[in-house]
Every structure is written in C-alpha cells, then in structure tokens.
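File shown here: model.txt, holding compact mmCIF, C-alpha atoms (C1' of nucleotides).
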```txt
# COMPACT_ATOMS: atom_id res chain seq x y z
CA MET A 1016 7.11 24.23 35.34
CA PRO A 1017 7.29 24.95 31.62
CA ALA A 1018 5.05 27.66 30.23
CA GLN A 1019 3.18 25.17 28.16
CA LEU A 1020 -0.28 23.76 28.42
CA ASN A 1021 -0.74 20.08 28.26
CA VAL A 1022 -4.37 19.16 27.78
CA ASN A 1023 -3.74 15.69 29.05
CA ALA A 1024 -3.24 14.96 32.71
CA SER A 1025 0.24 13.81 31.78
CA PRO A 1026 2.79 15.88 33.68
CA SER A 1027 5.58 14.99 31.28
CA PRO A 1028 7.07 18.23 29.93
CA SER A 1029 7.49 17.33 26.30
CA SER A 1030 8.66 20.24 24.19
CA VAL A 1031 7.36 18.71 20.99
CA ALA A 1032 4.27 20.44 19.67
CA SER A 1033 1.33 18.13 19.07
CA PRO A 1034 -2.45 18.37 18.62
CA ARG A 1035 -2.86 17.46 22.27
CA LYS A 1036 -1.02 20.54 23.36
CA LEU A 1037 -3.44 23.26 24.28
CA GLY A 1038 -3.79 25.87 21.59
CA ARG A 1039 -0.64 24.55 19.96
CA ALA A 1040 2.31 26.82 19.33
CA SER A 1041 0.41 30.10 19.16
CA ALA A 1042 -1.25 29.67 22.53
CA ASN A 1043 1.98 28.61 24.11
CA GLN A 1044 3.64 31.66 22.67
CA TRP A 1045 0.79 33.75 24.03
CA LEU A 1046 1.41 32.23 27.46
CA GLN A 1047 5.13 32.77 27.16
CA SER A 1048 4.47 36.50 27.09
CA PHE A 1049 3.40 36.26 30.73
CA SER A 1050 6.88 35.18 31.69
CA HIS A 1051 7.81 38.85 31.18
CA PRO A 1052 7.12 40.54 34.55
CA SER A 1053 6.04 43.81 32.96
CA VAL A 1054 3.46 42.12 30.75
CA LEU A 1055 2.13 40.02 33.60
CA ASN A 1056 2.02 43.02 35.91
CA GLN A 1057 0.00 45.06 33.46
CA PHE A 1058 -2.34 42.13 32.85
CA GLN A 1059 -2.93 41.68 36.57
CA GLY A 1060 -3.34 45.43 37.04
CA LYS A 1061 -6.16 45.56 34.52
CA LEU A 1062 -8.20 43.10 36.55
CA LEU A 1063 -7.32 44.61 39.93
CA ASP A 1064 -8.30 48.08 38.73
CA TRP A 1065 -11.57 46.71 37.40
CA TYR A 1066 -12.18 45.04 40.77
CA GLU A 1067 -11.79 48.33 42.61
CA THR A 1068 -14.63 49.91 40.68
CA SER A 1069 -16.78 46.95 39.64
CA GLY A 1070 -16.27 44.23 42.22
CA ARG A 1071 -19.23 42.91 44.16
CA ASP A 1072 -19.94 43.89 47.72
CA LEU A 1073 -20.29 40.55 49.51
CA PRO A 1074 -20.64 39.84 53.24
CA TRP A 1075 -17.53 37.67 53.47
CA ARG A 1076 -15.42 40.51 52.12
CA ARG A 1077 -16.46 43.13 54.64
CA LEU A 1078 -14.32 44.05 57.61
CA PRO A 1079 -13.99 42.91 60.31
CA ASP A 1080 -15.29 39.60 58.97
CA LEU A 1081 -12.46 39.54 56.47
CA ASN A 1082 -9.99 38.22 58.99
CA ASP A 1083 -12.32 35.62 60.42
CA PRO A 1084 -11.31 32.38 58.70
CA TYR A 1085 -14.39 30.61 60.04
CA ARG A 1086 -16.70 33.01 58.21
CA ILE A 1087 -14.62 32.78 55.04
CA TRP A 1088 -14.68 28.99 55.37
CA THR A 1089 -18.45 28.98 55.79
CA SER A 1090 -18.90 31.06 52.65
CA GLU A 1091 -16.62 28.84 50.59
CA VAL A 1092 -18.44 25.66 51.59
CA MET A 1093 -21.89 27.12 51.02
CA LEU A 1094 -20.80 28.47 47.64
CA GLN A 1095 -19.73 25.08 46.32
CA GLN A 1096 -21.90 24.52 43.25
CA THR A 1097 -24.27 27.15 44.57
CA GLN A 1098 -24.87 30.70 43.38
CA VAL A 1099 -24.25 33.72 45.59
CA LYS A 1100 -27.89 34.77 45.54
CA THR A 1101 -28.96 31.39 46.91
CA VAL A 1102 -26.29 31.40 49.61
CA LEU A 1103 -26.83 34.88 51.07
CA PRO A 1104 -29.84 34.18 53.32
CA TYR A 1105 -28.30 30.95 54.58
CA TYR A 1106 -24.98 32.66 55.21
CA ASN A 1107 -26.50 35.46 57.26
CA ARG A 1108 -28.65 33.08 59.28
CA TRP A 1109 -25.83 30.61 59.92
CA PHE A 1110 -23.94 32.71 62.47
CA GLU A 1111 -27.01 33.27 64.58
CA VAL A 1112 -26.94 29.53 65.25
CA PHE A 1113 -23.21 28.82 64.97
CA PRO A 1114 -21.32 32.06 65.71
CA THR A 1115 -17.94 30.35 66.14
CA VAL A 1116 -16.19 27.23 64.93
CA GLU A 1117 -16.38 25.94 68.51
CA SER A 1118 -20.15 26.29 68.57
CA LEU A 1119 -20.37 24.34 65.32
CA ALA A 1120 -18.06 21.64 66.61
CA ILE A 1121 -20.17 20.90 69.67
CA ALA A 1122 -23.51 21.15 67.85
CA ASP A 1123 -25.83 18.24 67.18
CA GLN A 1124 -25.77 17.03 63.56
CA GLN A 1125 -29.53 17.39 63.26
CA GLN A 1126 -29.22 21.05 64.21
CA VAL A 1127 -26.54 21.50 61.54
CA LEU A 1128 -28.66 19.83 58.87
CA LYS A 1129 -31.66 21.93 59.89
CA ALA A 1130 -29.67 25.12 59.31
CA TRP A 1131 -28.59 23.69 55.94
CA GLU A 1132 -32.10 22.53 54.97
CA GLY A 1133 -32.94 23.54 51.41
CA LEU A 1134 -29.38 24.42 50.41
CA GLY A 1135 -28.67 20.99 48.94
CA TYR A 1136 -25.57 18.79 48.73
CA TYR A 1137 -25.99 17.84 52.36
CA SER A 1138 -22.64 16.06 52.56
CA ARG A 1139 -21.23 19.60 52.65
CA ALA A 1140 -22.97 20.19 55.98
CA ARG A 1141 -21.94 16.83 57.41
CA ASN A 1142 -18.31 17.33 56.30
CA PHE A 1143 -18.26 20.93 57.53
CA HIS A 1144 -19.46 19.69 60.92
CA ARG A 1145 -16.78 16.98 61.02
CA ALA A 1146 -14.09 19.41 59.93
CA ALA A 1147 -15.07 21.91 62.63
CA LYS A 1148 -14.51 19.23 65.26
CA ILE A 1149 -11.07 18.51 63.79
CA VAL A 1150 -10.08 22.18 63.72
CA VAL A 1151 -11.11 22.62 67.34
CA GLU A 1152 -9.54 19.42 68.59
CA LYS A 1153 -6.38 19.17 66.49
CA HIS A 1154 -5.69 22.75 65.42
CA SER A 1155 -6.62 24.56 68.63
CA GLY A 1156 -9.59 26.14 66.90
CA GLN A 1157 -7.38 27.86 64.32
CA PHE A 1158 -7.93 27.16 60.64
CA PRO A 1159 -4.67 25.71 59.23
CA LYS A 1160 -2.64 28.03 57.02
CA SER A 1161 -1.02 25.41 54.82
CA LEU A 1162 -2.63 24.08 51.66
CA GLU A 1163 -1.93 20.49 52.64
CA ALA A 1164 -3.45 20.76 56.11
CA ALA A 1165 -6.48 22.61 54.76
CA GLN A 1166 -7.14 19.97 52.11
CA ASP A 1167 -6.91 17.26 54.75
CA LEU A 1168 -10.12 18.59 56.27
CA PRO A 1169 -13.28 16.84 55.05
CA GLY A 1170 -15.19 18.78 52.42
CA ILE A 1171 -12.22 20.96 51.50
CA GLY A 1172 -10.64 20.28 48.11
CA ARG A 1173 -8.07 22.28 46.23
CA THR A 1174 -10.39 25.09 45.11
CA THR A 1175 -12.02 25.60 48.50
CA ALA A 1176 -8.65 25.48 50.24
CA GLY A 1177 -7.29 28.07 47.83
CA GLY A 1178 -10.35 30.23 48.31
CA ILE A 1179 -10.04 30.19 52.08
CA LEU A 1180 -6.28 30.66 52.28
CA SER A 1181 -6.22 33.49 49.76
CA ASN A 1182 -9.28 35.29 51.07
CA ALA A 1183 -8.70 34.81 54.80
CA PHE A 1184 -4.89 35.10 54.94
CA ASP A 1185 -4.02 36.76 51.62
CA LEU A 1186 -1.80 33.81 50.70
CA PRO A 1187 -0.85 33.29 47.03
CA VAL A 1188 -2.80 30.09 46.45
CA PRO A 1189 -4.65 29.64 43.13
CA ILE A 1190 -8.33 28.73 42.74
CA LEU A 1191 -10.30 27.01 39.98
CA ASP A 1192 -14.03 27.18 40.50
CA GLY A 1193 -16.73 27.35 37.87
CA ASN A 1194 -16.24 31.06 37.23
CA VAL A 1195 -12.49 30.79 36.90
CA LYS A 1196 -12.76 27.75 34.64
CA ARG A 1197 -14.95 29.74 32.26
CA VAL A 1198 -12.78 32.88 32.36
CA LEU A 1199 -9.54 30.98 31.82
CA SER A 1200 -11.02 28.69 29.17
CA ARG A 1201 -11.90 31.75 27.14
CA LEU A 1202 -8.68 33.55 27.96
CA VAL A 1203 -6.62 30.76 26.37
CA ALA A 1204 -9.35 29.61 23.93
CA LEU A 1205 -9.35 26.14 25.43
CA PRO A 1206 -10.17 23.73 22.57
CA VAL A 1207 -11.61 21.01 24.84
CA PRO A 1208 -14.16 20.93 27.68
CA PRO A 1209 -12.62 22.27 30.92
CA ALA A 1210 -13.00 18.88 32.60
CA LYS A 1211 -10.54 17.46 30.08
CA ALA A 1212 -7.89 20.06 30.85
CA MET A 1213 -7.90 20.58 34.59
CA ASP A 1214 -4.12 20.43 34.91
CA ALA A 1215 -3.72 23.05 32.20
CA LEU A 1216 -6.28 25.35 33.83
CA TRP A 1217 -4.66 25.00 37.25
CA PHE A 1218 -1.39 25.88 35.62
CA VAL A 1219 -2.84 29.07 34.13
CA SER A 1220 -4.56 30.03 37.38
CA GLU A 1221 -1.27 29.72 39.22
CA LEU A 1222 0.67 31.45 36.45
CA ILE A 1223 -1.42 34.59 36.40
CA LEU A 1224 -2.06 34.90 40.15
CA SER A 1225 -0.81 38.14 41.62
CA GLY A 1226 1.88 37.62 44.24
CA ASP A 1227 1.26 41.03 45.72
CA ARG A 1228 -2.51 40.92 46.05
CA PRO A 1229 -3.61 37.28 45.82
CA ARG A 1230 -6.77 37.91 47.85
CA ASP A 1231 -8.08 40.68 45.64
CA PHE A 1232 -6.92 38.94 42.49
CA ASN A 1233 -8.77 35.70 43.20
CA GLN A 1234 -11.90 37.52 44.30
CA ALA A 1235 -11.71 39.67 41.17
CA LEU A 1236 -11.31 36.62 38.98
CA MET A 1237 -14.52 35.13 40.35
CA ASP A 1238 -16.37 38.44 40.07
CA LEU A 1239 -15.32 38.74 36.45
CA GLY A 1240 -16.79 35.32 35.71
CA ALA A 1241 -19.96 36.01 37.65
CA THR A 1242 -20.75 39.46 36.25
CA VAL A 1243 -18.96 39.90 32.89
CA CYS A 1244 -17.62 36.64 31.50
CA LEU A 1245 -21.08 35.07 31.64
CA ARG A 1246 -21.84 31.65 30.25
CA LYS A 1247 -24.32 33.15 27.82
CA ASN A 1248 -24.05 36.65 26.39
CA PRO A 1249 -20.79 37.74 28.04
CA THR A 1250 -20.30 41.50 28.06
CA CYS A 1251 -16.86 41.45 26.49
CA LEU A 1252 -16.85 45.19 25.83
CA LEU A 1253 -16.82 45.73 29.59
CA CYS A 1254 -14.07 43.19 30.23
CA PRO A 1255 -10.68 44.43 31.44
CA TRP A 1256 -9.07 41.48 29.69
CA MET A 1257 -10.78 41.92 26.33
CA SER A 1258 -7.52 42.55 24.50
CA TYR A 1259 -5.92 39.48 26.10
CA CYS A 1260 -8.81 37.08 25.51
CA GLN A 1261 -8.07 34.51 22.81
CA ALA A 1262 -11.71 33.43 22.58
CA TYR A 1263 -12.80 37.04 21.98
CA ARG A 1264 -10.05 37.68 19.46
CA THR A 1265 -11.04 34.59 17.48
CA ASN A 1266 -14.79 35.12 17.94
CA GLN A 1267 -15.33 31.90 19.89
CA THR A 1268 -16.94 33.16 23.08
CA THR A 1269 -20.21 31.42 22.24
CA ILE A 1270 -18.62 27.97 21.92
CA ILE A 1271 -16.02 28.28 24.69
CA PRO A 1272 -16.07 26.80 27.25
CA MET A 1273 -17.02 23.69 25.30
CA THR A 1274 -19.57 21.27 26.69
CA GLU A 1275 -20.32 17.62 26.13
CA SER A 1276 -24.01 16.94 25.82
CA LYS A 1277 -25.58 14.17 27.84
CA GLY A 1278 -28.64 12.06 27.29
CA PRO A 1279 -32.01 12.52 29.03
CA LEU A 1280 -32.12 11.93 32.78
CA PRO A 1281 -33.64 8.67 34.02
CA HIS A 1282 -37.04 9.02 35.65
CA LYS A 1283 -38.04 7.13 38.80
CA VAL A 1284 -41.61 6.68 40.00
CA ILE A 1285 -41.81 6.40 43.79
CA GLY A 1286 -44.68 5.37 46.01
CA VAL A 1287 -44.70 7.28 49.32
CA ALA A 1288 -46.73 6.66 52.48
CA VAL A 1289 -48.05 9.21 54.94
CA ILE A 1290 -48.95 6.80 57.72
CA GLU A 1291 -51.25 8.08 60.42
CA ASN A 1292 -51.94 6.27 63.69
CA GLU A 1293 -54.94 6.52 66.00
CA GLN A 1294 -53.32 9.42 67.90
CA GLY A 1295 -53.12 11.43 64.67
CA GLU A 1296 -49.34 11.10 64.55
CA ILE A 1297 -47.39 10.61 61.31
CA LEU A 1298 -44.46 8.25 60.75
CA ILE A 1299 -41.20 9.61 59.37
CA ASP A 1300 -37.76 8.04 59.04
CA ARG A 1301 -34.19 9.35 58.99
CA ARG A 1302 -32.21 8.38 55.90
CA LEU A 1303 -28.93 6.53 56.08
CA GLU A 1304 -25.84 8.65 56.80
CA GLU A 1305 -24.22 8.18 53.41
CA GLY A 1306 -25.60 8.78 49.96
CA LEU A 1307 -28.47 10.87 48.65
CA LEU A 1308 -29.96 13.21 51.24
CA GLY A 1309 -27.98 11.42 53.96
CA GLY A 1310 -29.15 12.14 57.52
CA LEU A 1311 -32.31 13.95 56.48
CA TRP A 1312 -35.84 12.88 57.39
CA GLU A 1313 -38.44 11.72 54.88
CA PHE A 1314 -41.75 10.02 54.42
CA PRO A 1315 -41.08 6.33 53.75
CA GLY A 1316 -41.57 4.73 50.34
CA GLY A 1317 -39.78 3.29 47.35
CA LYS A 1318 -39.67 2.55 43.65
CA VAL A 1319 -42.62 1.05 41.82
CA GLU A 1320 -41.70 -2.30 40.32
CA PRO A 1321 -42.79 -3.40 36.83
CA GLY A 1322 -46.43 -4.45 36.68
CA GLU A 1323 -47.12 -3.21 40.20
CA SER A 1324 -49.90 -0.82 41.14
CA MET A 1325 -49.10 2.24 43.24
CA GLU A 1326 -51.11 0.86 46.15
CA GLU A 1327 -49.24 -2.44 46.02
CA CYS A 1328 -45.92 -0.61 45.86
CA VAL A 1329 -46.60 1.51 48.93
CA LYS A 1330 -47.87 -1.44 50.96
CA ARG A 1331 -44.86 -3.57 49.98
CA GLU A 1332 -42.27 -0.88 50.66
CA ILE A 1333 -43.63 -0.15 54.12
CA LYS A 1334 -43.65 -3.84 54.93
CA GLU A 1335 -40.07 -4.28 53.68
CA GLU A 1336 -38.54 -1.15 55.17
CA LEU A 1337 -40.54 -0.67 58.37
CA ALA A 1338 -42.16 -4.07 59.02
CA LEU A 1339 -45.53 -2.37 59.27
CA ASP A 1340 -48.96 -3.33 58.00
CA ILE A 1341 -50.93 -0.45 56.52
CA GLU A 1342 -54.02 0.26 54.55
CA VAL A 1343 -53.24 2.41 51.53
CA GLY A 1344 -55.79 5.15 51.03
CA GLU A 1345 -56.29 8.09 48.70
CA GLU A 1346 -53.57 9.97 46.86
CA LEU A 1347 -52.60 13.20 48.65
CA ILE A 1348 -50.30 14.77 46.07
CA VAL A 1349 -47.83 13.97 43.31
CA VAL A 1350 -44.51 15.74 43.72
CA ASN A 1351 -42.22 16.01 40.71
CA HIS A 1352 -38.61 16.83 41.46
CA ALA A 1353 -35.41 16.94 39.42
CA TYR A 1354 -32.08 16.01 40.97
CA THR A 1355 -28.75 16.30 39.18
CA HIS A 1356 -28.74 12.80 37.75
CA PHE A 1357 -32.35 11.69 37.68
CA LYS A 1358 -35.93 12.85 38.04
CA VAL A 1359 -38.56 11.53 40.41
CA SER A 1360 -42.31 11.55 40.77
CA LEU A 1361 -43.42 10.99 44.35
CA HIS A 1362 -46.95 9.56 44.46
CA VAL A 1363 -47.94 10.27 48.04
CA HIS A 1364 -50.77 8.25 49.57
CA LEU A 1365 -52.54 8.75 52.87
CA CYS A 1366 -52.31 5.48 54.79
CA ARG A 1367 -53.86 4.02 57.93
CA TYR A 1368 -51.72 2.25 60.48
CA LEU A 1369 -52.93 -1.31 61.09
CA GLY A 1370 -50.28 -2.95 63.23
CA GLY A 1371 -46.70 -3.84 63.95
CA GLU A 1372 -43.84 -2.06 65.66
CA PRO A 1373 -42.00 0.22 63.19
CA LYS A 1374 -38.42 -0.92 62.64
CA ALA A 1375 -35.62 1.12 61.05
CA ILE A 1376 -34.69 -1.56 58.51
CA ALA A 1377 -33.64 0.74 55.66
CA SER A 1378 -33.07 3.89 57.71
CA GLN A 1379 -31.24 5.17 60.78
CA GLU A 1380 -34.32 5.90 62.85
CA VAL A 1381 -38.10 6.12 62.72
CA ARG A 1382 -40.37 8.40 64.70
CA TRP A 1383 -44.07 9.24 65.16
CA VAL A 1384 -44.51 13.01 64.96
CA THR A 1385 -47.29 15.58 64.83
CA LEU A 1386 -47.69 18.36 62.29
CA ASP A 1387 -47.01 20.82 65.11
CA THR A 1388 -43.51 19.50 65.73
CA ILE A 1389 -42.51 18.28 62.29
CA ASP A 1390 -40.81 21.56 61.36
CA GLN A 1391 -37.90 20.92 63.69
CA TYR A 1392 -36.73 18.01 61.54
CA PRO A 1393 -34.63 18.63 58.41
CA PHE A 1394 -36.41 17.46 55.24
CA PRO A 1395 -35.37 17.50 51.58
CA LYS A 1396 -37.20 19.92 49.32
CA ALA A 1397 -39.45 17.34 47.70
CA ASN A 1398 -40.71 16.30 51.14
CA THR A 1399 -41.44 19.83 52.33
CA LYS A 1400 -44.02 19.98 49.55
CA ILE A 1401 -45.70 16.97 51.13
CA ILE A 1402 -45.69 18.67 54.52
CA GLU A 1403 -47.30 21.75 53.00
CA ALA A 1404 -50.04 19.62 51.48
CA LEU A 1405 -50.67 17.96 54.84
CA LYS A 1406 -50.91 21.26 56.67
CA LYS A 1407 -53.25 22.66 54.05
CA ARG A 1408 -55.50 19.64 54.48
CA SER A 1409 -55.84 19.94 58.25
C1' DG B 1009 -11.72 8.44 36.09
C1' DA B 1010 -16.36 8.42 35.93
C1' DA B 1011 -20.53 8.72 39.07
C1' DT B 1012 -22.62 10.64 42.67
C1' DC B 1013 -24.57 14.37 45.16
C1' DG B 1014 -29.64 19.34 45.65
C1' DT B 1015 -31.72 23.14 44.43
C1' DG B 1016 -33.04 27.17 41.84
C1' DG B 1017 -32.84 30.01 37.81
C1' DC B 1018 -32.40 30.71 33.12
C1' DG B 1019 -33.38 30.78 27.95
C1' DT C 556 -41.24 21.81 29.36
C1' DC C 557 -36.54 20.82 29.20
C1' DG C 558 -31.55 20.92 29.30
C1' DC C 559 -27.95 23.21 31.37
C1' DC C 560 -25.27 24.39 35.26
C1' DA C 561 -23.64 27.35 39.31
C1' DA C 562 -17.57 29.71 44.37
C1' DG C 563 -16.69 21.15 43.83
C1' DA C 564 -15.63 17.15 46.81
C1' DT C 565 -15.73 12.40 47.38
C1' DT C 566 -15.42 7.56 46.21
```

What is this structure when it is put down as structure tokens?
Amino acid sequence: MPAQLNVNASPSPSSVASPRKLGRASANQWLQSFSHPSVLNQFQGKLLDWYETSGRDLPWRRLPDLNDPYRIWTSEVMLQQTQVKTVLPYYNRWFEVFPTVESLAIADQQQVLKAWEGLGYYSRARNFHRAAKIVVEKHSGQFPKSLEAAQDLPGIGRTTAGGILSNAFDLPVPILDGNVKRVLSRLVALPVPPAKAMDALWFVSELILSGDRPRDFNQALMDLGATVCLRKNPTCLLCPWMSYCQAYRTNQTTIIPMTESKGPLPHKVIGVAVIENEQGEILIDRRLEEGLLGGLWEFPGGKVEPGESMEECVKREIKEELALDIEVGEELIVVNHAYTHFKVSLHVHLCRYLGGEPKAIASQEVRWVTLDTIDQYPFPKANTKIIEALKKRS
DNA sequence: GAATCGTGGCG
DNA sequence: TCGCCAAGATT
C-alpha cells in the first residue's frame, strides 16, 4: 500500500496530488518518513516508554486475566461507545454471573440483559450472548485467532476484533476506536471529520503499529487519547508525540478532529400506563427483540397524537397494544430522557384495570408483576425512574 | 452510506 | 439547559 492518505474511500492509488489527498504533499512527505525503520522505531519507542510510566492500570490488563480472551472480549464489548469509568462496575460484576464463555453461552437471555441493565446499547448484550454460543459450539470454546473469524462473530467489528486479538494474543492487528481516531487525526492534522476519512485513518493505524509489541502499543494509543490527547484541553506538553504532531505544530488542536454540527434532536411526548389490577399487580410488557431497547421490559404506552389529550392517548395505546380497557387516573410522574437521536417525555399515569385479557400485540410478552418481584426484570433507565416513584408511593 | 442504537458526564 | 460524545456495530 502506498504511503499516501486518500481521504476518499477510493482505494485507487493515484500518485497525482489533489485537494482530496489528505494533507496534500507535505503530509504525505511527513508520512513517508515513517517508511524509514529507524524513524518509525523511535516514534513507537516514545509512546511505549510513555506507556510504561503513565499507562492506566485497568482490570483487563492484569495478569493472569491478560491471557483470558473471554475477559478481554467482555471488556472490548462493554467499552464500545462507553467510557472506562462507566464500564468498571459492570465488568467486575459480570464474571460473578458469567465466569466463563460456556456459562454465558448457556445462560438465559433475560439473565444476560439483567446483568447489562443500565449500560445501554443492549444489542451489544444480545450479540455477545449469540457470539458466545457460536464460540462454544463452533470454535470449541476458544476465541478465534484470525481477524476474519473474529469479525464473523456478531457484535465484533474491525476495531473490537483488533482490540481483542492484539490485547489477548499480542497479534499485530490495528485498532481505530474513538481515542485512536482523535490521536491520529491530530497526528496527521486531518483536514476533514474522521468519519470522512476512515480508510486513511486505518492506514495510519496499521502503518505505525509496532510489530514487536502490538499489545502494548495499541493499549498505549488508547491511553494517550483518554488521558493526554483529550477532546478539549489536551495536555500536549505531556505528550510523547508532541514533536510529531502536525496539529500541535500548526496550532490546530482545538479544531482537530473536526466535527459536523447537527440540528436539534426531535422530541417525542409519550403517554405511559401503570395498570393495576384488583390483586395489586402491575402490568409490564417485554419489547420486541429488534430495535430500541430490544428485549427489555417496560410500562406500556405510546406517542401522543395531534389534538389528543394525555388521557385519551394512554387509553388508546393500551387498547391498541394490549387489547385492554382501563380507566386513566392521576399522573404519577413525568420522566424526561435523552437518547442519542431523540428526546422523550414520559407522562406516566396510574390506571385501573377494567377488563379484557392482555395480549402481546406490539410486544413479545406481557406479565402481571408485584413491586416485590419487579427488580428481577431488566428495564431501561427511563423506566427505572418510574419504578422508584411507585416504590416511594407505597 | 446514512440512520439507528443508551447512558452518563462535561463545559 | 443544551449540545457533544465516549474502547462502534449493524442494517
């Protein structure tokens, strides 16, 4: 592969300089310098030395866990789009429930989702569960050591596969997560948002990867992004690559990596029913397998239509989705919650069951439960606030 | 290729 | 309060 960065996804190795070529001639010349082994070796050594003294102490790096691919795998999946601080308690708790890949493979999905509850992006848990079954059944319980086989597992893309293979087996496979994107974008002074130059960034990540110590190098790269090359206020004076960094040299660290601003998030107003029967039980439903919050439990409800009152909305939704007749009572709580692509306000009403057999029309399953047993079901965050309000009331 | 998919923390 | 986004993958 030519030592040249093409911002476009086009793999064609044109040697003609053009505005679409990353950083133009100067940047390509800068990259060319890494084709000299001595230059590259010194560059890598700077980061590896920094890692020895300033790297983070994280559970998935400690012996003897280091050689347990299942634990490495778990960390990589939990860390997708999720910060280390958030992951730590989940990570430590996980192995009390699922100590081995075999135990995960034979587990019930509801148990898996319960252990994942609150961590978000629940397709990660469902895919992890599926992948564990595949590893046990088709790979004799051993995590595959090839990039292709690893990426064939559900929930494992190129970055996660590289993270597992390099960290668990010390294989020279590049990574490109959020930290590395930011570090490399600044290193080469990427003139476009990272999403527009993924091929170029992968090329750099592979180019600079240490062949001798790929595990430490990749881990160091992520640590650098997480502790020094911060999104805001990076501490460049502490950076082992300060003299190599094109963004620092050209005073562009505040605008690189570049971002494309988006408009305001849409806001949905939802009517939600807490339906209580004569036994004091409450009706919950399990969401469809695919899509938002798939497989988790919730209190039923739906969007308010134009010109509709909240009471009318709740009554209609319960009729449509559960075939139940209810009497809509007082408002229990309003829960505001922001997802990645929209915001919601859940207007929760206490409701009285009047009649009908609940049917899972828009869900996988419905169930009458008591407040004493409701904690064993996995709920999304917005719904746990409702449960808290219910417990406080009783 | 663009949308979708959670939650928490930050300025 | 609000926008941004963090160890991305999937469709």

Checklist entry - Any idea which chain C residues end up within 7 Å of chain A if we count only C-alpha atoms (C1' of nucleotides), as a PyMOL selection string please? => result chain C and resi 561-564

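In this model, the gap between CA of Lys1247 in chain A and C1' of DG1017 in chain B comes to 13.5 Å.
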
Next on the checklist: Just checking: using all atoms listed in the file, which residue out of A:Ala1288, A:Ala1353, A:Ile1348, A:Ala1235 ends up closest to chain B?
Outcome noted: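 So, comparing all the options, the nearest one is A:Ala1353.
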
Item to check | Expected answer as a ChimeraX atom specification: chain A residues within 7 Å of chain B, all atoms listed in the file | outcome: /A:1134-1136,1307,1354

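Taking CA of Ala1212 in chain A and CA of Trp1045 in chain A as endpoints, the distance between them is 17.6 Å.
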
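A straight line drawn from CA of Ile1389 in chain A to CA of Tyr1105 in chain A is 20.5 Å long.
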
Give the centre and edge lengths of an axis-aligned box, in Å to one decimal, that holds all listed atoms of range 557-564 of chain C with 5 Å on each side, as AutoDock Vina command-line options.
```
--center_x -26.1 --center_y 23.4 --center_z 38.0 --size_x 30.9 --size_y 22.6 --size_z 27.6
```

Item to check | Protein/DNA/RNA residues near (-3.3, 28.3, 36.0), cut 10 Å, all atoms listed in the file, as a PyMOL selection string | outcome: chain A and resi 1020+1189-1191+1195-1196+1199+1213-1224

Would you kindly identify which residues have an atom no farther than 6 Å from (-30.4, 0.9, 61.6), using all atoms listed in the file and the file's own coordinates, and write them out as an mmCIF file with C-alpha atoms, in the coordinates of the input?
```cif
data_model
loop_
_atom_site.group_PDB
_atom_site.id
_atom_site.type_symbol
_atom_site.label_atom_id
_atom_site.label_comp_id
_atom_site.auth_asym_id
_atom_site.auth_seq_id
_atom_site.Cartn_x
_atom_site.Cartn_y
_atom_site.Cartn_z
ATOM 1 C CA ALA A 1375 -35.620 1.120 61.050
ATOM 2 C CA ILE A 1376 -34.690 -1.560 58.510
ATOM 3 C CA SER A 1378 -33.070 3.890 57.710
ATOM 4 C CA GLN A 1379 -31.240 5.170 60.780
#
```
